[in-house]
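As provided, protein-v3.txt (compact mmCIF, C-alpha atoms) reads as follows.
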```txt
# COMPACT_ATOMS: atom_id res chain seq x y z
CA MET A 273 0.00 0.00 0.00
CA VAL A 274 1.10 3.44 -0.12
CA GLY A 275 2.20 2.40 3.15
CA GLY A 276 4.25 4.12 5.72
CA ARG A 277 6.07 7.14 4.49
CA ALA A 278 8.53 6.88 7.31
CA ARG A 279 11.61 4.87 6.54
CA GLY A 280 11.01 1.24 7.35
CA SER A 281 7.27 1.57 8.01
CA ARG A 282 5.15 -1.32 6.78
CA ARG A 283 1.59 -0.01 7.33
CA ALA A 284 -0.24 -0.65 4.08
CA THR A 285 -3.07 1.77 4.65
CA ARG A 286 -0.89 4.85 4.89
CA LEU A 287 0.34 6.99 2.15
CA SER A 288 3.34 6.48 0.35
CA GLU A 289 2.09 7.47 -3.74
CA GLY A 290 14.62 11.63 -16.92
CA ALA A 291 16.02 15.04 -16.42
CA GLY A 292 13.52 17.78 -17.09
CA LEU A 293 14.08 21.49 -17.00
CA MET A 294 11.75 23.29 -14.63
CA ALA A 295 10.20 26.64 -15.34
CA PRO A 296 11.63 29.57 -13.30
CA ALA A 297 10.21 29.85 -9.82
CA SER A 298 8.42 33.10 -10.57
CA ARG A 299 6.63 31.59 -13.55
CA LEU A 300 5.70 28.52 -11.56
CA LEU A 301 4.19 30.63 -8.78
CA ALA A 302 2.29 32.83 -11.22
CA LEU A 303 0.83 29.86 -13.05
CA TRP A 304 -0.16 28.21 -9.81
CA ALA A 305 -1.88 31.38 -8.64
CA LEU A 306 -3.84 31.40 -11.89
CA ALA A 307 -4.90 27.80 -11.29
CA ALA A 308 -5.93 28.58 -7.73
CA VAL A 309 -8.52 31.14 -8.81
CA ALA A 310 -9.93 29.07 -11.66
CA LEU A 311 -13.70 28.79 -11.41
CA PRO A 312 -15.11 25.37 -10.60
CA GLY A 313 -16.86 23.57 -13.38
CA SER A 314 -17.75 20.22 -14.76
CA GLY A 315 -14.49 20.11 -16.69
CA GLU A 316 -13.85 18.77 -20.14
CA GLU A 317 -15.42 15.53 -21.25
CA GLY A 318 -13.48 12.64 -19.80
CA ASP A 319 -12.23 14.34 -16.62
CA GLY A 320 -15.02 12.93 -14.49
CA GLY A 321 -16.08 16.40 -13.39
CA TRP A 322 -12.89 16.90 -11.38
CA ARG A 323 -11.50 20.40 -11.58
CA PRO A 324 -8.27 20.59 -13.62
CA GLY A 325 -5.23 22.27 -12.15
CA GLY A 326 -5.05 24.97 -14.80
CA PRO A 327 -3.18 24.91 -18.09
CA GLY A 328 0.54 24.42 -17.66
CA ALA A 329 0.46 24.83 -13.87
CA VAL A 330 3.39 22.46 -13.56
CA ALA A 331 5.11 21.06 -16.61
CA GLU A 332 5.59 17.39 -17.25
CA GLU A 333 9.17 16.16 -17.35
CA GLU A 334 11.17 16.92 -20.49
CA ARG A 335 11.85 13.23 -21.02
CA CYS A 336 10.29 10.23 -19.27
CA THR A 337 13.03 7.90 -18.01
CA VAL A 338 10.78 5.07 -16.83
CA GLU A 339 10.08 2.43 -19.46
CA ARG A 340 6.50 1.95 -20.68
CA ARG A 341 5.39 -1.61 -21.54
CA ALA A 342 2.12 -2.60 -23.17
CA ASP A 343 3.01 -6.20 -23.94
CA LEU A 344 4.71 -7.40 -20.76
CA THR A 345 4.50 -11.05 -19.74
CA TYR A 346 4.72 -12.19 -16.13
CA ALA A 347 8.08 -13.85 -16.78
CA GLU A 348 9.47 -10.61 -18.20
CA PHE A 349 8.07 -8.65 -15.27
CA VAL A 350 9.80 -10.87 -12.72
CA GLN A 351 13.10 -11.08 -14.60
CA GLN A 352 13.45 -7.46 -15.71
CA TYR A 353 11.55 -5.27 -13.25
CA ALA A 354 10.09 -6.80 -10.09
CA PHE A 355 13.29 -6.54 -8.03
CA VAL A 356 15.30 -4.20 -10.23
CA ARG A 357 13.57 -1.06 -11.51
CA PRO A 358 10.22 0.67 -11.97
CA VAL A 359 8.07 0.15 -15.06
CA ILE A 360 4.85 1.68 -16.41
CA LEU A 361 2.24 -0.89 -17.42
CA GLN A 362 -0.30 -0.18 -20.12
CA GLY A 363 -3.40 -2.08 -21.20
CA LEU A 364 -3.18 -5.01 -18.78
CA THR A 365 -6.56 -4.36 -17.12
CA ASP A 366 -9.83 -2.66 -18.02
CA ASN A 367 -10.99 -0.35 -15.24
CA SER A 368 -13.52 1.64 -17.27
CA ARG A 369 -16.33 0.68 -14.87
CA PHE A 370 -14.30 1.70 -11.82
CA ARG A 371 -13.35 4.95 -13.57
CA ALA A 372 -17.02 5.76 -14.22
CA LEU A 373 -17.82 5.18 -10.54
CA CYS A 374 -15.02 7.57 -9.56
CA SER A 375 -16.52 10.63 -11.23
CA ARG A 376 -17.00 13.57 -8.89
CA GLU A 377 -20.77 13.36 -9.07
CA ARG A 378 -20.95 9.63 -8.36
CA LEU A 379 -18.46 9.63 -5.50
CA LEU A 380 -20.24 12.51 -3.79
CA ALA A 381 -23.60 10.78 -4.25
CA SER A 382 -22.29 7.49 -2.84
CA PHE A 383 -19.85 8.62 -0.17
CA GLY A 384 -20.41 12.34 0.44
CA ASP A 385 -21.58 11.87 4.03
CA ARG A 386 -18.91 9.29 4.91
CA VAL A 387 -16.15 10.41 7.22
CA VAL A 388 -12.69 10.10 5.70
CA ARG A 389 -9.32 10.38 7.37
CA LEU A 390 -6.82 12.84 5.93
CA SER A 391 -3.06 12.77 6.43
CA THR A 392 -0.59 15.61 6.31
CA ALA A 393 1.45 15.55 3.11
CA ASN A 394 4.89 15.24 4.67
CA THR A 395 7.26 12.29 4.79
CA TYR A 396 6.20 10.95 8.17
CA SER A 397 2.52 11.97 8.07
CA TYR A 398 1.87 11.99 11.79
CA GLN A 399 -1.18 14.27 11.86
CA LYS A 400 -4.62 12.87 11.02
CA VAL A 401 -7.86 14.78 10.53
CA ASP A 402 -11.34 13.24 10.13
CA LEU A 403 -14.10 15.01 8.21
CA PRO A 404 -16.94 14.24 5.77
CA PHE A 405 -15.81 13.34 2.27
CA GLN A 406 -18.05 16.04 0.76
CA GLU A 407 -16.39 18.70 2.90
CA TYR A 408 -12.96 17.56 1.75
CA VAL A 409 -13.97 17.67 -1.93
CA GLU A 410 -15.80 20.99 -1.81
CA GLN A 411 -13.58 22.93 0.61
CA LEU A 412 -10.08 21.42 0.69
CA LEU A 413 -9.56 19.98 -2.77
CA HIS A 414 -7.84 22.97 -4.35
CA PRO A 415 -4.46 23.66 -5.98
CA GLN A 416 -1.47 23.46 -3.65
CA ASP A 417 -0.10 26.72 -2.29
CA PRO A 418 3.60 26.64 -3.35
CA THR A 419 4.63 28.31 -0.07
CA SER A 420 2.87 25.93 2.34
CA LEU A 421 4.64 23.19 4.26
CA GLY A 422 3.81 19.51 4.16
CA ASN A 423 2.30 19.47 7.64
CA ASP A 424 -0.08 22.28 6.60
CA THR A 425 -1.44 20.27 3.67
CA LEU A 426 -4.18 17.66 4.21
CA TYR A 427 -4.26 14.82 1.73
CA PHE A 428 -6.78 12.01 1.21
CA PHE A 429 -4.82 8.85 0.54
CA GLY A 430 -4.62 5.69 2.60
CA ASP A 431 -6.46 5.12 5.86
CA ASN A 432 -9.50 4.06 3.83
CA ASN A 433 -12.40 2.39 5.59
CA PHE A 434 -12.55 -0.72 3.42
CA THR A 435 -15.96 -1.77 4.74
CA GLU A 436 -17.61 1.53 3.87
CA TRP A 437 -15.86 1.80 0.49
CA ALA A 438 -16.21 -1.89 -0.46
CA SER A 439 -18.96 -1.17 -3.00
CA LEU A 440 -16.42 0.88 -4.96
CA PHE A 441 -13.29 -1.21 -4.51
CA ARG A 442 -14.96 -4.43 -5.69
CA HIS A 443 -15.11 -2.94 -9.19
CA TYR A 444 -11.36 -2.35 -9.35
CA SER A 445 -9.16 -4.78 -11.28
CA PRO A 446 -5.60 -4.64 -9.90
CA PRO A 447 -2.52 -5.34 -12.01
CA PRO A 448 -2.27 -9.10 -12.63
CA PHE A 449 1.36 -9.53 -11.56
CA GLY A 450 1.86 -10.56 -7.95
CA LEU A 451 5.00 -11.37 -5.99
CA LEU A 452 5.56 -14.61 -4.11
CA GLY A 453 4.73 -14.32 -0.42
CA THR A 454 2.81 -11.04 -0.73
CA ALA A 455 -0.87 -10.10 -0.60
CA PRO A 456 -2.41 -7.03 -2.28
CA ALA A 457 -3.99 -4.18 -0.31
CA TYR A 458 -5.61 -1.08 -1.79
CA SER A 459 -5.15 2.57 -0.94
CA PHE A 460 -7.44 5.06 -2.66
CA GLY A 461 -6.85 8.79 -2.97
CA ILE A 462 -8.03 12.09 -4.40
CA ALA A 463 -5.83 15.18 -4.34
CA GLY A 464 -5.62 18.69 -5.75
CA ALA A 465 -3.25 19.94 -8.41
CA GLY A 466 0.24 20.59 -7.07
CA SER A 467 -0.21 18.32 -4.06
CA GLY A 468 1.82 15.21 -3.48
CA VAL A 469 4.01 13.42 -0.97
CA PRO A 470 7.73 14.07 -0.39
CA PHE A 471 10.33 11.31 -0.70
CA HIS A 472 9.74 8.16 1.34
CA TRP A 473 10.03 4.40 0.81
CA HIS A 474 8.22 1.19 1.71
CA GLY A 475 7.47 -2.17 0.14
CA PRO A 476 6.71 -2.83 -3.54
CA GLY A 477 3.47 -1.88 -5.18
CA TYR A 478 1.52 -0.34 -8.02
CA SER A 479 -0.12 3.04 -8.48
CA GLU A 480 -2.80 3.63 -11.11
CA VAL A 481 -4.16 7.02 -12.14
CA ILE A 482 -7.93 7.02 -12.68
CA TYR A 483 -8.35 10.74 -13.49
CA GLY A 484 -5.70 13.43 -13.90
CA ARG A 485 -1.93 13.10 -14.09
CA LYS A 486 0.64 12.21 -11.44
CA ARG A 487 4.35 12.93 -11.84
CA TRP A 488 6.72 10.50 -10.10
CA PHE A 489 10.34 10.91 -9.01
CA LEU A 490 12.22 7.72 -8.04
CA TYR A 491 15.64 6.78 -6.68
CA PRO A 492 17.01 3.28 -6.01
CA PRO A 493 17.44 2.23 -2.35
CA GLU A 494 21.16 2.95 -2.28
CA LYS A 495 20.75 6.55 -3.51
CA THR A 496 19.14 8.70 -0.82
CA PRO A 497 17.65 11.84 -2.37
CA GLU A 498 18.27 15.36 -1.14
CA PHE A 499 15.02 16.59 0.41
CA HIS A 500 13.41 18.08 3.51
CA PRO A 501 10.68 15.84 5.01
CA ASN A 502 8.36 18.77 5.71
CA LYS A 503 8.69 20.52 2.35
CA THR A 504 6.16 19.66 -0.30
CA THR A 505 7.14 18.00 -3.55
CA LEU A 506 6.15 21.23 -5.31
CA ALA A 507 8.66 23.17 -3.18
CA TRP A 508 11.32 20.49 -3.83
CA LEU A 509 10.71 20.78 -7.57
CA ARG A 510 11.08 24.56 -7.38
CA ASP A 511 14.02 24.80 -4.97
CA THR A 512 16.10 21.62 -5.33
CA TYR A 513 15.34 19.74 -8.52
CA SER A 514 16.48 22.39 -10.97
CA ALA A 515 19.90 22.62 -9.28
CA LEU A 516 20.63 18.89 -9.41
CA PRO A 517 23.38 17.79 -11.82
CA PRO A 518 22.32 15.19 -14.38
CA SER A 519 23.99 12.41 -12.39
CA ALA A 520 21.85 13.25 -9.34
CA ARG A 521 18.51 13.45 -11.13
CA PRO A 522 15.88 10.83 -10.29
CA LEU A 523 14.10 8.52 -12.65
CA GLU A 524 10.88 10.30 -13.46
CA CYS A 525 7.73 10.15 -15.53
CA THR A 526 4.17 11.44 -15.57
CA ILE A 527 1.55 8.72 -15.20
CA ARG A 528 -1.66 9.36 -17.09
CA ALA A 529 -5.18 8.02 -16.63
CA GLY A 530 -5.25 4.27 -17.26
CA GLU A 531 -1.51 3.78 -16.73
CA VAL A 532 -0.01 1.87 -13.80
CA LEU A 533 3.42 2.48 -12.28
CA TYR A 534 5.16 -0.42 -10.55
CA PHE A 535 7.83 0.48 -7.97
CA PRO A 536 10.13 -2.16 -6.39
CA ASP A 537 10.79 -2.68 -2.69
CA ARG A 538 12.50 0.17 -0.82
CA TRP A 539 12.73 2.50 -3.79
CA TRP A 540 12.59 6.16 -2.75
CA HIS A 541 9.76 8.04 -4.44
CA ALA A 542 7.97 11.37 -4.36
CA THR A 543 4.76 12.28 -6.16
CA LEU A 544 3.27 15.44 -7.62
CA ASN A 545 -0.31 15.66 -8.91
CA LEU A 546 -0.30 17.83 -12.02
CA ASP A 547 -4.10 18.01 -12.06
CA THR A 548 -6.82 17.24 -9.57
CA SER A 549 -6.21 13.51 -9.55
CA VAL A 550 -8.01 10.33 -8.54
CA PHE A 551 -5.72 7.34 -8.01
CA ILE A 552 -5.46 3.95 -6.37
CA SER A 553 -2.42 1.99 -5.20
CA THR A 554 -2.06 -1.73 -4.75
CA PHE A 555 0.58 -2.52 -2.13
CA LEU A 556 2.21 -5.91 -2.07
CA GLY A 557 2.77 -6.56 1.61
```

This structure in structure tokens:
Amino acid sequence: MVGGRARGSRRATRLSEGAGLMAPASRLLALWALAAVALPGSGEEGDGGWRPGGPGAVAEEERCTVERRADLTYAEFVQQYAFVRPVILQGLTDNSRFRALCSRERLLASFGDRVVRLSTANTYSYQKVDLPFQEYVEQLLHPQDPTSLGNDTLYFFGDNNFTEWASLFRHYSPPPFGLLGTAPAYSFGIAGAGSGVPFHWHGPGYSEVIYGRKRWFLYPPEKTPEFHPNKTTLAWLRDTYSALPPSARPLECTIRAGEVLYFPDRWWHATLNLDTSVFISTFLG
């Protein structure tokens, strides 16, 4: 699961979640301010009614450095990726029904009055806040303030009540590739544009984007990234990423709706939602 963000944590229900040139900080802040005042709306066809983050609020990477595979066999997965490196899987499952159920309108109709537990978007995620799902969507699901700290940002991911949300999760088809001695566990999330989780690591797993786009940054276990655990990924992108030499850059790629990222055990990773995003992780614990 997007399990413990703290180093060594194994809790499955907690959050985890190429060298590109970043836009200057001033441009990034201006674009994000524009996104923050965008009027709510139903969005373009195909976005499920979730509010986009604003055009160009944060750019995708200049070049994706995680391999995409649409024809992967289980043998190839185990031999080439499972214990070695991340991979993006395409077309292995059909989650069109689950996607339809995850539209803004349908989720609010089905779960609006349910209490959800939010975590702070920092590496260790100690603080928890409970509130109705509808209140989170209508009042807190907005573009990330680039100046805020991780412990000031509430994020819905992990800590799902699987009994209350079972009617939704039963329609999800997880990636078909398991690992010997592990069992899958889901972690479902919805987050605003510019939000994300700073670097952390845990066990292996998958993350699928249902709506929106999620940018990932990954380092192998032996290469600890330079980051502050209470600074948001957006702040890290603005302040640290652009100064990294090519040899210190992470693997990175933007995952789009319908794509699934696999990350191996103990790989460092940070995430950044480029749009208002709906996503689900399958942790192999």

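Distance-wise, CA of Asp319 in chain A and CA of Gly466 in chain A end up 16.9 Å apart.
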
Item to check | range 476-481 of chain A environment, 9 Å, all atoms listed in the file, sequence neighbours closer than 5 positions dropped, as a VMD selection string | outcome: chain A and resid 273 to 274 289 354 to 355 446 to 447 456 486 527 to 539 549 to 557

Next on the checklist: Can you tell me which residues surround Cys374 in chain A at a distance of at most 12 Å, considering only C-alpha atoms, apart from same-chain residues fewer than 4 positions away, and format the answer as an NGL selection string?
Outcome noted: :A and (318-322 or 367-370 or 378-383 or 437 or 439-441 or 443-444 or 460-462 or 481-484 or 549-552)

Step by step, gather every atom of range 530-545 of chain A that the file lists, find the box along x, y and z that holds them, add 8 Å on each side, and finally give centre and edge lengths in Å to one decimal, as lines of an AutoDock Vina configuration file.
```
center_x = 3.7
center_y = 6.5
center_z = -9.0
size_x = 34.0
size_y = 34.3
size_z = 32.4
```

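The space between CA of Glu494 in chain A and CA of Glu524 in chain A spans 16.9 Å.
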
Checklist outcome for this item: Correct to one decimal, the distance CA of Trp473 in chain A-CA of Leu523 in chain A is 14.7 Å

List the spatial neighbours of Trp540 in chain A as a PDB file with C-alpha atoms, in the coordinates of the input - criterion: any atom at most 12 Å away, only C-alpha atoms, same-chain residues fewer than 6 positions off excluded.
```pdb
ATOM      1  CA  ARG A 277       6.070   7.140   4.490  1.00  0.00           C
ATOM      2  CA  ALA A 278       8.530   6.880   7.310  1.00  0.00           C
ATOM      3  CA  ARG A 279      11.610   4.870   6.540  1.00  0.00           C
ATOM      4  CA  GLY A 280      11.010   1.240   7.350  1.00  0.00           C
ATOM      5  CA  SER A 288       3.340   6.480   0.350  1.00  0.00           C
ATOM      6  CA  GLU A 289       2.090   7.470  -3.740  1.00  0.00           C
ATOM      7  CA  ARG A 357      13.570  -1.060 -11.510  1.00  0.00           C
ATOM      8  CA  PRO A 358      10.220   0.670 -11.970  1.00  0.00           C
ATOM      9  CA  THR A 395       7.260  12.290   4.790  1.00  0.00           C
ATOM     10  CA  VAL A 469       4.010  13.420  -0.970  1.00  0.00           C
ATOM     11  CA  PRO A 470       7.730  14.070  -0.390  1.00  0.00           C
ATOM     12  CA  PHE A 471      10.330  11.310  -0.700  1.00  0.00           C
ATOM     13  CA  HIS A 472       9.740   8.160   1.340  1.00  0.00           C
ATOM     14  CA  TRP A 473      10.030   4.400   0.810  1.00  0.00           C
ATOM     15  CA  HIS A 474       8.220   1.190   1.710  1.00  0.00           C
ATOM     16  CA  GLY A 475       7.470  -2.170   0.140  1.00  0.00           C
ATOM     17  CA  PRO A 476       6.710  -2.830  -3.540  1.00  0.00           C
ATOM     18  CA  TRP A 488       6.720  10.500 -10.100  1.00  0.00           C
ATOM     19  CA  PHE A 489      10.340  10.910  -9.010  1.00  0.00           C
ATOM     20  CA  LEU A 490      12.220   7.720  -8.040  1.00  0.00           C
ATOM     21  CA  TYR A 491      15.640   6.780  -6.680  1.00  0.00           C
ATOM     22  CA  PRO A 492      17.010   3.280  -6.010  1.00  0.00           C
ATOM     23  CA  PRO A 493      17.440   2.230  -2.350  1.00  0.00           C
ATOM     24  CA  GLU A 494      21.160   2.950  -2.280  1.00  0.00           C
ATOM     25  CA  LYS A 495      20.750   6.550  -3.510  1.00  0.00           C
ATOM     26  CA  THR A 496      19.140   8.700  -0.820  1.00  0.00           C
ATOM     27  CA  PRO A 497      17.650  11.840  -2.370  1.00  0.00           C
ATOM     28  CA  GLU A 498      18.270  15.360  -1.140  1.00  0.00           C
ATOM     29  CA  PHE A 499      15.020  16.590   0.410  1.00  0.00           C
ATOM     30  CA  PRO A 522      15.880  10.830 -10.290  1.00  0.00           C
ATOM     31  CA  LEU A 523      14.100   8.520 -12.650  1.00  0.00           C
ATOM     32  CA  GLU A 524      10.880  10.300 -13.460  1.00  0.00           C
TER      33      GLU A 524
END
```

Within 9 Å of range 328-346 of chain A, which residues of range 426-502 of chain A come that close, and what is the closest atom pair and distance in Å for each? Count only C-alpha atoms and give it as a Markdown table.
```
| residue | atom | partner | partner_atom | distance |
| --- | --- | --- | --- | --- |
| A:Pro448 | CA | A:Tyr346 | CA | 8.4 |
| A:Phe449 | CA | A:Tyr346 | CA | 6.3 |
| A:Gly450 | CA | A:Tyr346 | CA | 8.8 |
| A:Ala465 | CA | A:Ala329 | CA | 8.2 |
| A:Gly466 | CA | A:Val330 | CA | 7.5 |
| A:Arg487 | CA | A:Glu332 | CA | 7.1 |
```

Write a file of the just-selected residues containing C-alpha atoms, as a tab-separated table (two decimals), in the coordinates of the input.
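And here is the file that came out, result_5.tsv:
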```tsv
chain	number	residue	atom	x	y	z
A	448	PRO	CA	-2.27	-9.10	-12.63
A	449	PHE	CA	1.36	-9.53	-11.56
A	450	GLY	CA	1.86	-10.56	-7.95
A	465	ALA	CA	-3.25	19.94	-8.41
A	466	GLY	CA	0.24	20.59	-7.07
A	487	ARG	CA	4.35	12.93	-11.84
```

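Counting only C-alpha atoms, the residue from A:Gly430, A:Pro415, A:Leu421, A:Val350 that sits nearest to Arg389 in chain A is A:Gly430.
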
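The smallest atom-to-atom distance between Asn394 in chain A and any of A:Ser459, A:Thr504, A:Thr454, A:Gln362, using all atoms listed in the file, is found for A:Thr504.
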
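Counting all atoms listed in the file, the residue from A:Ala438, A:Leu451, A:Leu506, A:Ala463 that sits nearest to Val409 in chain A is A:Ala463.
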
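Nearest to Glu410 in chain A of all the residues A:Arg442, A:Gly464, A:Asn502, A:Arg371 is A:Gly464, counting only C-alpha atoms.
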
Checklist entry - Contacts of Arg386 in chain A at 8 Å or less, counting all atoms listed in the file, minus same-chain residues fewer than 5 places along, as a PyMOL selection string? => result chain A and resi 404-406+436

If I only have part of range 465-476 of chain A, can you fill in N, CA and C atoms and write it as a short mmCIF file (atom, residue, chain, number, x, y, z; two decimals), keeping the file's coordinate frame?
```cif
data_model
loop_
_atom_site.label_atom_id
_atom_site.label_comp_id
_atom_site.auth_asym_id
_atom_site.auth_seq_id
_atom_site.Cartn_x
_atom_site.Cartn_y
_atom_site.Cartn_z
N ALA A 465 -4.41 19.66 -7.57
CA ALA A 465 -3.25 19.94 -8.41
C ALA A 465 -2.13 20.56 -7.57
N GLY A 466 -0.92 20.07 -7.79
CA GLY A 466 0.24 20.59 -7.07
C GLY A 466 0.51 19.90 -5.75
N SER A 467 -0.42 19.06 -5.30
CA SER A 467 -0.21 18.32 -4.06
C SER A 467 0.62 17.07 -4.35
N GLY A 468 1.03 16.42 -3.32
CA GLY A 468 1.82 15.21 -3.48
C GLY A 468 2.48 14.87 -2.16
N VAL A 469 3.32 13.86 -2.18
CA VAL A 469 4.01 13.42 -0.97
C VAL A 469 5.51 13.48 -1.20
N PRO A 470 6.27 14.02 -0.24
CA PRO A 470 7.73 14.07 -0.39
C PRO A 470 8.34 12.66 -0.40
N PHE A 471 9.64 12.60 -0.58
CA PHE A 471 10.33 11.31 -0.70
C PHE A 471 10.13 10.44 0.55
N HIS A 472 9.91 9.17 0.30
CA HIS A 472 9.74 8.16 1.34
C HIS A 472 9.94 6.81 0.65
N TRP A 473 9.96 5.73 1.42
CA TRP A 473 10.03 4.40 0.81
C TRP A 473 9.26 3.40 1.66
N HIS A 474 8.91 2.29 1.04
CA HIS A 474 8.22 1.19 1.71
C HIS A 474 8.32 -0.01 0.79
N GLY A 475 7.42 -0.96 0.96
CA GLY A 475 7.47 -2.17 0.14
C GLY A 475 7.02 -1.92 -1.29
N PRO A 476 7.05 -2.97 -2.12
CA PRO A 476 6.71 -2.83 -3.54
C PRO A 476 5.22 -2.60 -3.74
#
```
